[in-house]
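Visitor: My file is run.pdb. It has PDB, C-alpha atoms:
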ATOM      1  CA  THR A   1       0.000   0.000   0.000
ATOM      2  CA  THR A   2       1.094   3.567  -0.604
ATOM      3  CA  ARG A   3       2.653   5.376   2.327
ATOM      4  CA  ARG A   4       0.153   7.963   3.505
ATOM      5  CA  ILE A   5       0.497  11.521   4.732
ATOM      6  CA  MET A   6       0.114  11.839   8.504
ATOM      7  CA  THR A   7      -3.364  12.927   9.614
ATOM      8  CA  ASP A   8      -2.804  12.681  13.370
ATOM      9  CA  LEU A   9      -4.106  15.942  14.831
ATOM     10  CA  SER A  10      -1.362  15.856  17.467
ATOM     11  CA  THR A  11       1.333  16.315  14.823
ATOM     12  CA  ILE A  12       2.303  19.376  12.837
ATOM     13  CA  GLY A  13       1.998  17.727   9.439
ATOM     14  CA  VAL A  14       2.208  20.768   7.169
ATOM     15  CA  GLY A  15       3.276  23.963   8.914
ATOM     16  CA  PHE A  16       4.720  27.223   7.658
ATOM     17  CA  GLY A  17       8.271  28.293   8.418
ATOM     18  CA  THR A  18       9.160  31.938   8.975
ATOM     19  CA  ALA A  19      12.962  31.937   8.864
ATOM     20  CA  ALA A  20      14.916  34.279   6.573
ATOM     21  CA  LEU A  21      11.898  36.353   5.552
ATOM     22  CA  ARG A  22      13.691  39.502   6.720
ATOM     23  CA  GLY A  23      11.418  42.565   6.384
ATOM     24  CA  ARG A  24       8.652  40.571   4.707
ATOM     25  CA  CYS A  25       7.750  38.391   7.684
ATOM     26  CA  TYR A  26       4.532  40.200   8.654
ATOM     27  CA  GLU A  27       3.074  40.314   5.127
ATOM     28  CA  THR A  28       4.162  36.754   4.353
ATOM     29  CA  THR A  29       2.560  35.368   7.514
ATOM     30  CA  LEU A  30      -0.697  37.113   6.598
ATOM     31  CA  VAL A  31      -0.639  35.604   3.100
ATOM     32  CA  ALA A  32      -0.009  32.142   4.564
ATOM     33  CA  LEU A  33      -2.948  32.587   6.964
ATOM     34  CA  GLU A  34      -5.188  33.708   4.101
ATOM     35  CA  ASN A  35      -4.264  30.525   2.232
ATOM     36  CA  GLY A  36      -5.231  28.244   5.092
ATOM     37  CA  PHE A  37      -2.023  27.748   7.069
ATOM     38  CA  ARG A  38      -2.654  27.592  10.809
ATOM     39  CA  LYS A  39       0.588  26.058  12.092
ATOM     40  CA  PHE A  40       3.625  28.315  12.181
ATOM     41  CA  ASP A  41       7.234  27.915  13.260
ATOM     42  CA  THR A  42       9.429  30.782  14.447
ATOM     43  CA  SER A  43      12.229  31.466  16.942
ATOM     44  CA  GLU A  44      13.112  33.943  19.669
ATOM     45  CA  GLU A  45      16.399  35.066  18.063
ATOM     46  CA  ASP A  46      16.438  38.833  17.695
ATOM     47  CA  ASP A  47      18.264  39.129  14.386
ATOM     48  CA  TYR A  48      17.748  39.252  10.634
ATOM     49  CA  TRP A  49      17.007  35.520  10.404
ATOM     50  CA  TYR A  50      13.827  35.465  12.509
ATOM     51  CA  ASP A  51      11.171  38.037  13.402
ATOM     52  CA  GLN A  52       8.939  36.579  16.100
ATOM     53  CA  PRO A  53       7.263  39.952  16.846
ATOM     54  CA  ALA A  54       6.182  40.224  13.194
ATOM     55  CA  VAL A  55       4.682  36.713  13.285
ATOM     56  CA  ALA A  56       2.834  37.647  16.484
ATOM     57  CA  SER A  57       1.462  40.863  14.991
ATOM     58  CA  ALA A  58       0.272  39.115  11.830
ATOM     59  CA  LEU A  59      -1.519  36.414  13.834
ATOM     60  CA  ALA A  60      -3.247  38.930  16.104
ATOM     61  CA  ASP A  61      -4.262  41.232  13.224
ATOM     62  CA  PHE A  62      -5.580  38.364  11.099
ATOM     63  CA  PHE A  63      -7.736  37.019  13.900
ATOM     64  CA  GLU A  64      -8.984  40.444  14.871
ATOM     65  CA  GLU A  65     -10.226  40.861  11.316
ATOM     66  CA  ILE A  66     -11.964  37.494  10.953
ATOM     67  CA  ARG A  67     -13.538  37.787  14.397
ATOM     68  CA  THR A  68     -15.338  40.972  13.358
ATOM     69  CA  CYS A  69     -19.008  40.146  13.034
ATOM     70  CA  THR A  70     -21.906  42.449  12.186
ATOM     71  CA  ALA A  71     -24.655  39.893  12.768
ATOM     72  CA  ALA A  72     -27.643  40.891  14.857
ATOM     73  CA  GLU A  73     -27.250  39.906  18.481
ATOM     74  CA  ASP A  74     -30.468  37.861  18.445
ATOM     75  CA  ASP A  75     -29.420  35.807  15.428
ATOM     76  CA  GLU A  76     -27.891  32.872  17.295
ATOM     77  CA  ILE A  77     -27.071  30.818  14.192
ATOM     78  CA  VAL A  78     -25.185  33.629  12.482
ATOM     79  CA  ALA A  79     -23.554  34.674  15.743
ATOM     80  CA  GLU A  80     -22.263  31.140  16.246
ATOM     81  CA  SER A  81     -20.811  31.062  12.721
ATOM     82  CA  CYS A  82     -18.975  34.295  13.509
ATOM     83  CA  SER A  83     -17.523  32.927  16.734
ATOM     84  CA  VAL A  84     -13.915  32.281  15.760
ATOM     85  CA  THR A  85     -11.483  30.916  18.329
ATOM     86  CA  CYS A  86      -7.873  29.828  18.089
ATOM     87  CA  GLU A  87      -8.891  26.355  19.199
ATOM     88  CA  LYS A  88     -11.591  26.016  16.536
ATOM     89  CA  GLU A  89      -9.229  27.323  13.877
ATOM     90  CA  GLY A  90      -6.522  24.862  14.876
ATOM     91  CA  ILE A  91      -3.906  27.525  15.604
ATOM     92  CA  ARG A  92      -0.601  25.869  16.540
ATOM     93  CA  ILE A  93       2.419  28.124  17.022
ATOM     94  CA  SER A  94       5.891  26.817  17.844
ATOM     95  CA  THR A  95       9.030  28.714  18.741
ATOM     96  CA  LYS A  96      12.577  28.053  19.917
ATOM     97  CA  ILE A  97      14.893  29.384  22.602
ATOM     98  CA  PRO A  98      18.426  30.046  21.286
ATOM     99  CA  PRO A  99      21.377  28.406  23.041
ATOM    100  CA  TRP A 100      22.836  31.623  24.467
ATOM    101  CA  GLU A 101      19.615  32.039  26.487
ATOM    102  CA  LEU A 102      19.997  28.653  28.236
ATOM    103  CA  ILE A 103      21.516  30.350  31.272
ATOM    104  CA  SER A 104      19.198  29.107  34.035
ATOM    105  CA  ALA A 105      16.015  27.094  34.468
ATOM    106  CA  GLU A 106      14.133  30.154  35.680
ATOM    107  CA  HIS A 107      15.251  32.182  32.667
ATOM    108  CA  ILE A 108      14.191  29.440  30.238
ATOM    109  CA  ARG A 109      10.753  29.223  31.834
ATOM    110  CA  ASP A 110      10.378  33.006  31.773
ATOM    111  CA  ARG A 111      11.322  33.144  28.092
ATOM    112  CA  ALA A 112       8.732  30.496  27.253
ATOM    113  CA  ALA A 113       6.030  32.368  29.152
ATOM    114  CA  GLU A 114       6.943  35.615  27.400
ATOM    115  CA  SER A 115       6.854  33.957  23.974
ATOM    116  CA  ARG A 116       3.482  32.375  24.735
ATOM    117  CA  LYS A 117       2.050  35.767  25.652
ATOM    118  CA  GLU A 118       3.567  37.464  22.610
ATOM    119  CA  LEU A 119       2.547  34.851  20.039
ATOM    120  CA  VAL A 120      -0.834  33.573  21.250
ATOM    121  CA  GLY A 121      -1.774  35.942  24.045
ATOM    122  CA  PHE A 122      -4.715  37.152  21.934
ATOM    123  CA  CYS A 123      -6.234  33.652  21.999
ATOM    124  CA  GLU A 124      -8.964  32.547  24.371
ATOM    125  CA  ASP A 125      -8.294  30.393  27.440
ATOM    126  CA  VAL A 126      -8.660  26.651  26.985
ATOM    127  CA  PHE A 127      -9.322  23.713  29.259
ATOM    128  CA  LEU A 128      -6.415  21.635  30.457
ATOM    129  CA  LYS A 129      -7.239  17.971  29.851
ATOM    130  CA  ASP A 130      -6.083  14.906  31.753
ATOM    131  CA  GLU A 131      -4.702  11.730  30.182
ATOM    132  CA  ASN A 132      -8.258  10.506  29.561
ATOM    133  CA  GLY A 133      -9.257  13.681  27.747
ATOM    134  CA  GLU A 134     -11.383  14.954  30.619
ATOM    135  CA  LYS A 135     -11.462  18.730  31.082
ATOM    136  CA  GLN A 136      -9.666  20.130  34.093
ATOM    137  CA  GLU A 137      -9.013  23.792  34.971
ATOM    138  CA  LYS A 138      -8.750  26.526  32.369
ATOM    139  CA  ILE A 139      -5.314  27.740  31.304
ATOM    140  CA  ALA A 140      -4.007  30.412  28.962
ATOM    141  CA  PHE A 141      -3.840  29.245  25.352
ATOM    142  CA  PRO A 142      -0.424  27.530  25.040
ATOM    143  CA  LEU A 143       2.240  27.373  22.392
ATOM    144  CA  ASP A 144       2.297  24.119  20.477
ATOM    145  CA  VAL A 145       6.011  23.210  20.710
ATOM    146  CA  TYR A 146       8.717  25.012  22.650
ATOM    147  CA  TYR A 147      12.120  23.884  21.371
ATOM    148  CA  ILE A 148      15.709  24.201  22.430
ATOM    149  CA  HIS A 149      17.041  25.597  19.147
ATOM    150  CA  ALA A 150      20.445  23.992  19.695
ATOM    151  CA  PRO A 151      22.160  22.561  22.791
ATOM    152  CA  GLU A 152      25.160  24.833  22.366
ATOM    153  CA  CYS A 153      26.482  27.711  20.307
ATOM    154  CA  TRP A 154      28.745  27.487  17.314
ATOM    155  CA  HIS A 155      30.846  30.347  15.983
ATOM    156  CA  GLY A 156      29.340  32.181  13.059
ATOM    157  CA  TRP A 157      25.718  31.575  14.003
ATOM    158  CA  HIS A 158      25.147  34.795  15.959
ATOM    159  CA  PRO A 159      27.331  37.435  17.653
ATOM    160  CA  ARG A 160      26.013  36.196  20.994
ATOM    161  CA  CYS A 161      27.739  32.867  20.273
ATOM    162  CA  ASP A 162      31.160  34.334  19.575
ATOM    163  CA  ASN A 163      31.871  35.035  23.236
ATOM    164  CA  ASP A 164      31.317  31.432  24.374
ATOM    165  CA  PRO A 165      28.369  32.141  26.699
ATOM    166  CA  ASP A 166      28.130  30.165  29.925
ATOM    167  CA  ILE A 167      25.055  27.988  29.445
ATOM    168  CA  LEU A 168      23.461  24.992  31.126
ATOM    169  CA  PRO A 169      24.269  21.411  30.128
ATOM    170  CA  LEU A 170      21.603  19.923  27.867
ATOM    171  CA  ARG A 171      20.153  17.728  30.614
ATOM    172  CA  GLU A 172      19.537  20.719  32.882
ATOM    173  CA  SER A 173      18.064  22.737  30.036
ATOM    174  CA  TRP A 174      15.764  19.839  29.252
ATOM    175  CA  MET A 175      14.448  19.759  32.820
ATOM    176  CA  ALA A 176      13.535  23.437  32.437
ATOM    177  CA  LEU A 177      11.539  22.591  29.314
ATOM    178  CA  GLU A 178       9.753  19.850  31.239
ATOM    179  CA  ALA A 179       8.627  22.562  33.642
ATOM    180  CA  VAL A 180       7.532  24.763  30.725
ATOM    181  CA  ALA A 181       5.065  22.062  29.637
ATOM    182  CA  GLY A 182       4.301  20.236  32.876
ATOM    183  CA  ILE A 183       4.133  23.040  35.446
ATOM    184  CA  ASP A 184       3.766  26.389  33.662
ATOM    185  CA  TYR A 185       1.642  25.081  30.745
ATOM    186  CA  SER A 186       3.284  27.636  28.456
ATOM    187  CA  ALA A 187       3.510  24.955  25.756
ATOM    188  CA  SER A 188       1.580  21.795  24.993
ATOM    189  CA  ARG A 189       4.698  19.995  23.811
ATOM    190  CA  ILE A 190       8.468  20.353  24.076
ATOM    191  CA  GLY A 191      11.215  19.495  21.651
ATOM    192  CA  LEU A 192      14.813  19.575  20.540
ATOM    193  CA  SER A 193      16.427  20.965  17.410
ATOM    194  CA  ASN A 194      19.871  20.585  15.874
ATOM    195  CA  VAL A 195      20.992  17.752  18.148
ATOM    196  CA  SER A 196      23.078  14.713  17.304
ATOM    197  CA  PRO A 197      21.718  11.169  17.615
ATOM    198  CA  GLU A 198      23.884  10.723  20.716
ATOM    199  CA  GLU A 199      22.447  13.865  22.353
ATOM    200  CA  LEU A 200      18.882  12.814  21.598
ATOM    201  CA  LEU A 201      19.427   9.336  23.034
ATOM    202  CA  ASP A 202      21.081  10.809  26.128
ATOM    203  CA  VAL A 203      18.034  12.999  26.846
ATOM    204  CA  ILE A 204      15.751   9.981  26.406
ATOM    205  CA  ARG A 205      17.888   7.942  28.834
ATOM    206  CA  PHE A 206      17.963  10.840  31.302
ATOM    207  CA  VAL A 207      14.166  11.067  31.287
ATOM    208  CA  ASP A 208      13.716   7.301  31.639
ATOM    209  CA  GLU A 209      16.145   7.145  34.591
ATOM    210  CA  ARG A 210      14.194   9.826  36.440
ATOM    211  CA  LEU A 211      10.904   8.107  35.693
ATOM    212  CA  GLU A 212      12.273   4.886  37.174
ATOM    213  CA  ARG A 213      13.292   6.778  40.319
ATOM    214  CA  GLY A 214       9.796   8.195  40.626
ATOM    215  CA  GLU A 215      10.815  11.838  40.256
ATOM    216  CA  THR A 216       7.940  14.254  39.716
ATOM    217  CA  ASN A 217       9.342  17.793  39.888
ATOM    218  CA  PRO A 218       9.402  18.673  37.118
ATOM    219  CA  PRO A 219       7.407  15.797  35.602
ATOM    220  CA  PRO A 220       9.936  13.807  33.501
ATOM    221  CA  ARG A 221       9.004  13.924  29.844
ATOM    222  CA  ARG A 222      10.634  12.610  26.692
ATOM    223  CA  PRO A 223      10.912  14.952  23.723
ATOM    224  CA  ASP A 224       7.589  15.180  21.903
ATOM    225  CA  VAL A 225       9.169  16.598  18.760
ATOM    226  CA  LEU A 226      12.557  16.733  17.067
ATOM    227  CA  GLN A 227      13.295  19.364  14.435
ATOM    228  CA  ALA A 228      16.195  18.578  12.130
ATOM    229  CA  TYR A 229      17.527  19.191   8.660
ATOM    230  CA  SER A 230      16.395  16.550   6.178
ATOM    231  CA  ASP A 231      16.059  16.400   2.407
ATOM    232  CA  PRO A 232      16.257  13.581  -0.194
ATOM    233  CA  LEU A 233      20.049  13.887  -0.463
ATOM    234  CA  ARG A 234      20.599  14.075   3.326
ATOM    235  CA  PRO A 235      17.501  12.367   4.804
ATOM    236  CA  SER A 236      18.734  12.128   8.429
ATOM    237  CA  LYS A 237      17.927   8.428   8.593
ATOM    238  CA  VAL A 238      19.586   7.821  11.970
ATOM    239  CA  LEU A 239      17.667  10.577  13.732
ATOM    240  CA  ARG A 240      14.429   9.582  12.021
ATOM    241  CA  ASN A 241      14.859   5.967  13.097
ATOM    242  CA  ILE A 242      15.380   7.029  16.715
ATOM    243  CA  CYS A 243      12.264   9.178  16.548
ATOM    244  CA  GLU A 244      10.209   6.350  15.082
ATOM    245  CA  GLU A 245      11.426   3.933  17.760
ATOM    246  CA  HIS A 246      10.586   6.314  20.612
ATOM    247  CA  GLY A 247       7.378   7.886  19.304
ATOM    248  CA  ILE A 248       8.852  11.328  18.642
ATOM    249  CA  GLU A 249       7.491  13.506  15.850
ATOM    250  CA  PHE A 250      10.186  14.373  13.293
ATOM    251  CA  VAL A 251       9.883  17.844  11.784
ATOM    252  CA  SER A 252      12.047  18.440   8.732
ATOM    253  CA  TYR A 253      13.455  21.859   7.911
ATOM    254  CA  SER A 254      15.306  22.858   4.729
ATOM    255  CA  THR A 255      13.451  19.972   3.071
ATOM    256  CA  LEU A 256      13.660  21.655  -0.332
ATOM    257  CA  GLY A 257      17.465  21.632  -0.495
ATOM    258  CA  THR A 258      18.180  25.138   0.765
ATOM    259  CA  GLN A 259      21.095  23.943   2.910
ATOM    260  CA  HIS A 260      22.978  22.812  -0.211
ATOM    261  CA  ARG A 261      22.240  26.077  -1.994
ATOM    262  CA  MET A 262      23.403  28.162   0.966
ATOM    263  CA  ARG A 263      26.653  26.243   1.378
ATOM    264  CA  LYS A 264      27.618  25.939  -2.268
ATOM    265  CA  LYS A 265      26.280  29.335  -3.366
ATOM    266  CA  SER A 266      25.027  27.723  -6.551
ATOM    267  CA  GLY A 267      22.039  25.762  -7.861
ATOM    268  CA  ASN A 268      19.726  23.573  -5.808
ATOM    269  CA  PRO A 269      20.673  19.887  -6.276
ATOM    270  CA  VAL A 270      17.402  18.695  -4.746
ATOM    271  CA  LEU A 271      14.875  20.647  -6.803
ATOM    272  CA  ASN A 272      17.026  20.274  -9.935
ATOM    273  CA  HIS A 273      17.496  16.524  -9.544
ATOM    274  CA  PRO A 274      16.320  14.541 -12.606
ATOM    275  CA  ILE A 275      14.234  12.159 -10.470
ATOM    276  CA  VAL A 276      12.329  15.030  -8.855
ATOM    277  CA  LYS A 277      11.797  16.788 -12.170
ATOM    278  CA  GLU A 278      10.539  13.585 -13.801
ATOM    279  CA  LEU A 279       8.023  12.972 -10.993
ATOM    280  CA  ALA A 280       6.853  16.580 -11.123
ATOM    281  CA  GLU A 281       6.122  16.174 -14.819
ATOM    282  CA  LYS A 282       4.469  12.792 -14.269
ATOM    283  CA  HIS A 283       2.053  14.097 -11.618
ATOM    284  CA  LYS A 284       1.651  17.638 -13.022
ATOM    285  CA  ARG A 285       2.932  19.073  -9.754
ATOM    286  CA  SER A 286       5.742  21.432  -8.877
ATOM    287  CA  VAL A 287       9.120  20.064  -7.830
ATOM    288  CA  ALA A 288       8.521  21.540  -4.364
ATOM    289  CA  GLU A 289       5.245  19.640  -3.982
ATOM    290  CA  VAL A 290       6.989  16.414  -4.992
ATOM    291  CA  VAL A 291       9.780  16.781  -2.411
ATOM    292  CA  LEU A 292       7.476  17.875   0.408
ATOM    293  CA  SER A 293       5.048  15.047  -0.342
ATOM    294  CA  TRP A 294       7.974  12.604  -0.188
ATOM    295  CA  ALA A 295       8.718  13.901   3.315
ATOM    296  CA  LEU A 296       5.088  13.786   4.444
ATOM    297  CA  GLN A 297       4.555  10.286   3.080
ATOM    298  CA  SER A 298       7.791   9.251   4.791
ATOM    299  CA  ASN A 299       6.345  10.117   8.225
ATOM    300  CA  MET A 300       7.911  13.548   8.533
ATOM    301  CA  SER A 301       6.254  16.888   9.231
ATOM    302  CA  VAL A 302       7.404  19.866   7.176
ATOM    303  CA  ILE A 303       7.652  23.645   7.647
ATOM    304  CA  PRO A 304       8.355  25.086   4.179
ATOM    305  CA  ARG A 305       8.505  28.810   3.632
ATOM    306  CA  SER A 306       8.299  31.305   0.791
ATOM    307  CA  SER A 307       7.708  35.033   0.558
ATOM    308  CA  LYS A 308       6.084  34.784  -2.880
ATOM    309  CA  ARG A 309       2.288  34.595  -2.992
ATOM    310  CA  HIS A 310       2.079  32.085  -5.844
ATOM    311  CA  HIS A 311       4.533  29.756  -4.077
ATOM    312  CA  ILE A 312       2.542  30.006  -0.826
ATOM    313  CA  GLU A 313      -0.636  29.159  -2.744
ATOM    314  CA  GLU A 314       1.200  26.186  -4.231
ATOM    315  CA  LEU A 315       2.403  25.003  -0.822
ATOM    316  CA  ALA A 316      -1.165  25.268   0.488
ATOM    317  CA  ASN A 317      -2.129  22.442  -1.885
ATOM    318  CA  LEU A 318      -0.423  20.112   0.598
ATOM    319  CA  LEU A 319      -2.939  21.002   3.309
ATOM    320  CA  ASN A 320      -5.526  18.671   1.773
ATOM    321  CA  GLY A 321      -3.416  15.627   2.695
ATOM    322  CA  GLU A 322      -3.532  14.028  -0.761
ATOM    323  CA  ASN A 323      -1.114  11.146  -1.358
ATOM    324  CA  PHE A 324      -0.097  11.400  -4.996
ATOM    325  CA  LEU A 325       3.284   9.646  -4.846
ATOM    326  CA  SER A 326       3.306   5.865  -5.254
ATOM    327  CA  ASP A 327       5.602   3.550  -3.339
ATOM    328  CA  GLU A 328       7.723   3.293  -6.480
ATOM    329  CA  ASP A 329       7.950   7.091  -6.648
ATOM    330  CA  LEU A 330       8.987   7.246  -2.996
ATOM    331  CA  ALA A 331      11.617   4.556  -3.493
ATOM    332  CA  ASN A 332      13.059   6.483  -6.435
ATOM    333  CA  ILE A 333      13.380   9.612  -4.287
ATOM    334  CA  ASP A 334      14.886   7.550  -1.457
ATOM    335  CA  SER A 335      17.558   6.392  -3.914
ATOM    336  CA  MET A 336      18.821   9.979  -4.154
ATOM    337  CA  SER A 337      20.342   9.724  -0.670
ATOM    338  CA  THR A 338      24.064  10.282  -0.366
ATOM    339  CA  GLU A 339      24.218   9.150   3.279
TER     340      GLU A 339
END
In structure tokens, how does this file's structure come out?
Guide:
Amino acid sequence: TTRRIMTDLSTIGVGFGTAALRGRCYETTLVALENGFRKFDTSEEDDYWYDQPAVASALADFFEEIRTCTAAEDDEIVAESCSVTCEKEGIRISTKIPPWELISAEHIRDRAAESRKELVGFCEDVFLKDENGEKQEKIAFPLDVYYIHAPECWHGWHPRCDNDPDILPLRESWMALEAVAGIDYSASRIGLSNVSPEELLDVIRFVDERLERGETNPPPRRPDVLQAYSDPLRPSKVLRNICEEHGIEFVSYSTLGTQHRMRKKSGNPVLNHPIVKELAEKHKRSVAEVVLSWALQSNMSVIPRSSKRHHIEELANLLNGENFLSDEDLANIDSMSTE
């Protein structure tokens, strides 16, 4: 049978990335919202690469506009149709704390709370639910995933990294994220990004050891999500296998080959690959749709981005969850791997 696109509501599936949009982040986020995207990925870094405040402003302005209703107060049917909430719309916003901010557990928790307020503070309160789905007390609308963007700095990423900041070990940072989700409820889920297989496995072992000891403060929790670079040439098979084994959602970034283009300063070897071009022609789809569908049908979530309206409209085609690649198609794309 053909591998199918994930439809689990607890996963991201098809989200929209907001990196490297520079001064166009606000307008681009609005266009993505207008085309049906409701899951967005950003980061707290205050630099040219990300613009979390712009994402927040676009979300708030978009929802303010669609919530406006001129129906008569006594028209209950119309009034109900005009009642738009973040929960009904399926709003899911994820962000990341950069490594130079991993200075203390309290600071990490404060940053998460601040990001929650900035990004989804306009949303209504929601009920906290127990493991059986029963409603508990109301809480402020949470972020979807709060990630550690990377466990440590590397030179050249950001000026804040060049001075070798004194940050917490990954295990201690992870415990702070457990508190973000399990005590503060600033995020529904927590995750890691840009970690090695060894680092991911170490966090899993650390959590399991504390569970065995019966620790409860903060509640030990394995990563819900891992965000990592993956494309047909570099599919991150080891990390994906670990995620599959341990029930962790794998979110692919740079799925369309942008890492190769950035490093080589030349053409894109993924989108220009003969196999991808042939499948695009075969299915009357764009090369981007082919590559992203390969990822989705290979049990990955994706967060593509574009600042061009026609490309965003094209990416929105993936929101319908159609599986147009056959197993043979998927195998042909898998054969592109250089790992």
Visitor: Just to confirm, what's the straight-line distance from atom CA of A:Arg221 to atom CA of A:Glu178 in Å (one decimal)?
Guide: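 So the two atoms, atom CA of A:Arg221 and atom CA of A:Glu178, lie 6.1 Å apart.
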Visitor: Between A:Val120, A:Ile312, A:Ile66, A:Ile333, which has the minimum distance to A:Glu27 (counting only C-alpha atoms)?
Guide: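 Distance minimum relative to A:Glu27 lands on A:Ile312.
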Visitor: Just the residues within 12 Å of A:Gly13, please, counting only C-alpha atoms, with nothing from its chain fewer than 5 positions along; format it as a ChimeraX atom specification.
Guide: /A:4-8,37-40,92,225,249-252,292-293,295-304,318-321
Visitor: Counting all atoms listed in the file, which residues of stretch 156-259 of chain A sit at most 12 Å from some atom of stretch 272-285 of chain A, and what is each one's closest atom pair with its distance in Å to one decimal, listed by chain and rising residue number, as JSON lines?
Guide:
{"residue": "A:Asp231", "atom": "CA", "partner": "A:Val276", "partner_atom": "CA", "distance": 11.9}
{"residue": "A:Pro232", "atom": "CA", "partner": "A:Val276", "partner_atom": "CA", "distance": 9.6}
{"residue": "A:Leu233", "atom": "CA", "partner": "A:His273", "partner_atom": "CA", "distance": 9.8}
{"residue": "A:Leu256", "atom": "CA", "partner": "A:Asn272", "partner_atom": "CA", "distance": 10.3}
{"residue": "A:Gly257", "atom": "CA", "partner": "A:Asn272", "partner_atom": "CA", "distance": 9.5}
{"residue": "A:Thr258", "atom": "CA", "partner": "A:Asn272", "partner_atom": "CA", "distance": 11.8}
Visitor: When the PyMOL selection byres ((chain A and resi 237-241) around 9) is applied to the file above, which residues end up in the set, as a PyMOL selection string?
Guide: chain A and resi 196-197+200+226+228+230+234-236+242-246+248-250+299-300+339
Visitor: I need the residues from that last selection saved to file as a CSV table (one decimal), keeping the file's coordinate frame (with C-alpha atoms), if you can.
Guide:
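result-v5.csv was written with the following content:
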chain,number,residue,atom,x,y,z
A,196,SER,CA,23.1,14.7,17.3
A,197,PRO,CA,21.7,11.2,17.6
A,200,LEU,CA,18.9,12.8,21.6
A,226,LEU,CA,12.6,16.7,17.1
A,228,ALA,CA,16.2,18.6,12.1
A,230,SER,CA,16.4,16.6,6.2
A,234,ARG,CA,20.6,14.1,3.3
A,235,PRO,CA,17.5,12.4,4.8
A,236,SER,CA,18.7,12.1,8.4
A,242,ILE,CA,15.4,7.0,16.7
A,243,CYS,CA,12.3,9.2,16.5
A,244,GLU,CA,10.2,6.4,15.1
A,245,GLU,CA,11.4,3.9,17.8
A,246,HIS,CA,10.6,6.3,20.6
A,248,ILE,CA,8.9,11.3,18.6
A,249,GLU,CA,7.5,13.5,15.8
A,250,PHE,CA,10.2,14.4,13.3
A,299,ASN,CA,6.3,10.1,8.2
A,300,MET,CA,7.9,13.5,8.5
A,339,GLU,CA,24.2,9.2,3.3
Visitor: Which is closer to A:Ile167 than all the others in A:Leu102, A:Leu30, A:Val287, A:Val84, using only C-alpha atoms?
Guide: A:Leu102
Visitor: To one decimal in Å, tell me the separation between atom CA of A:Glu131 and atom CA of A:Gly182.
Guide: 12.7 Å
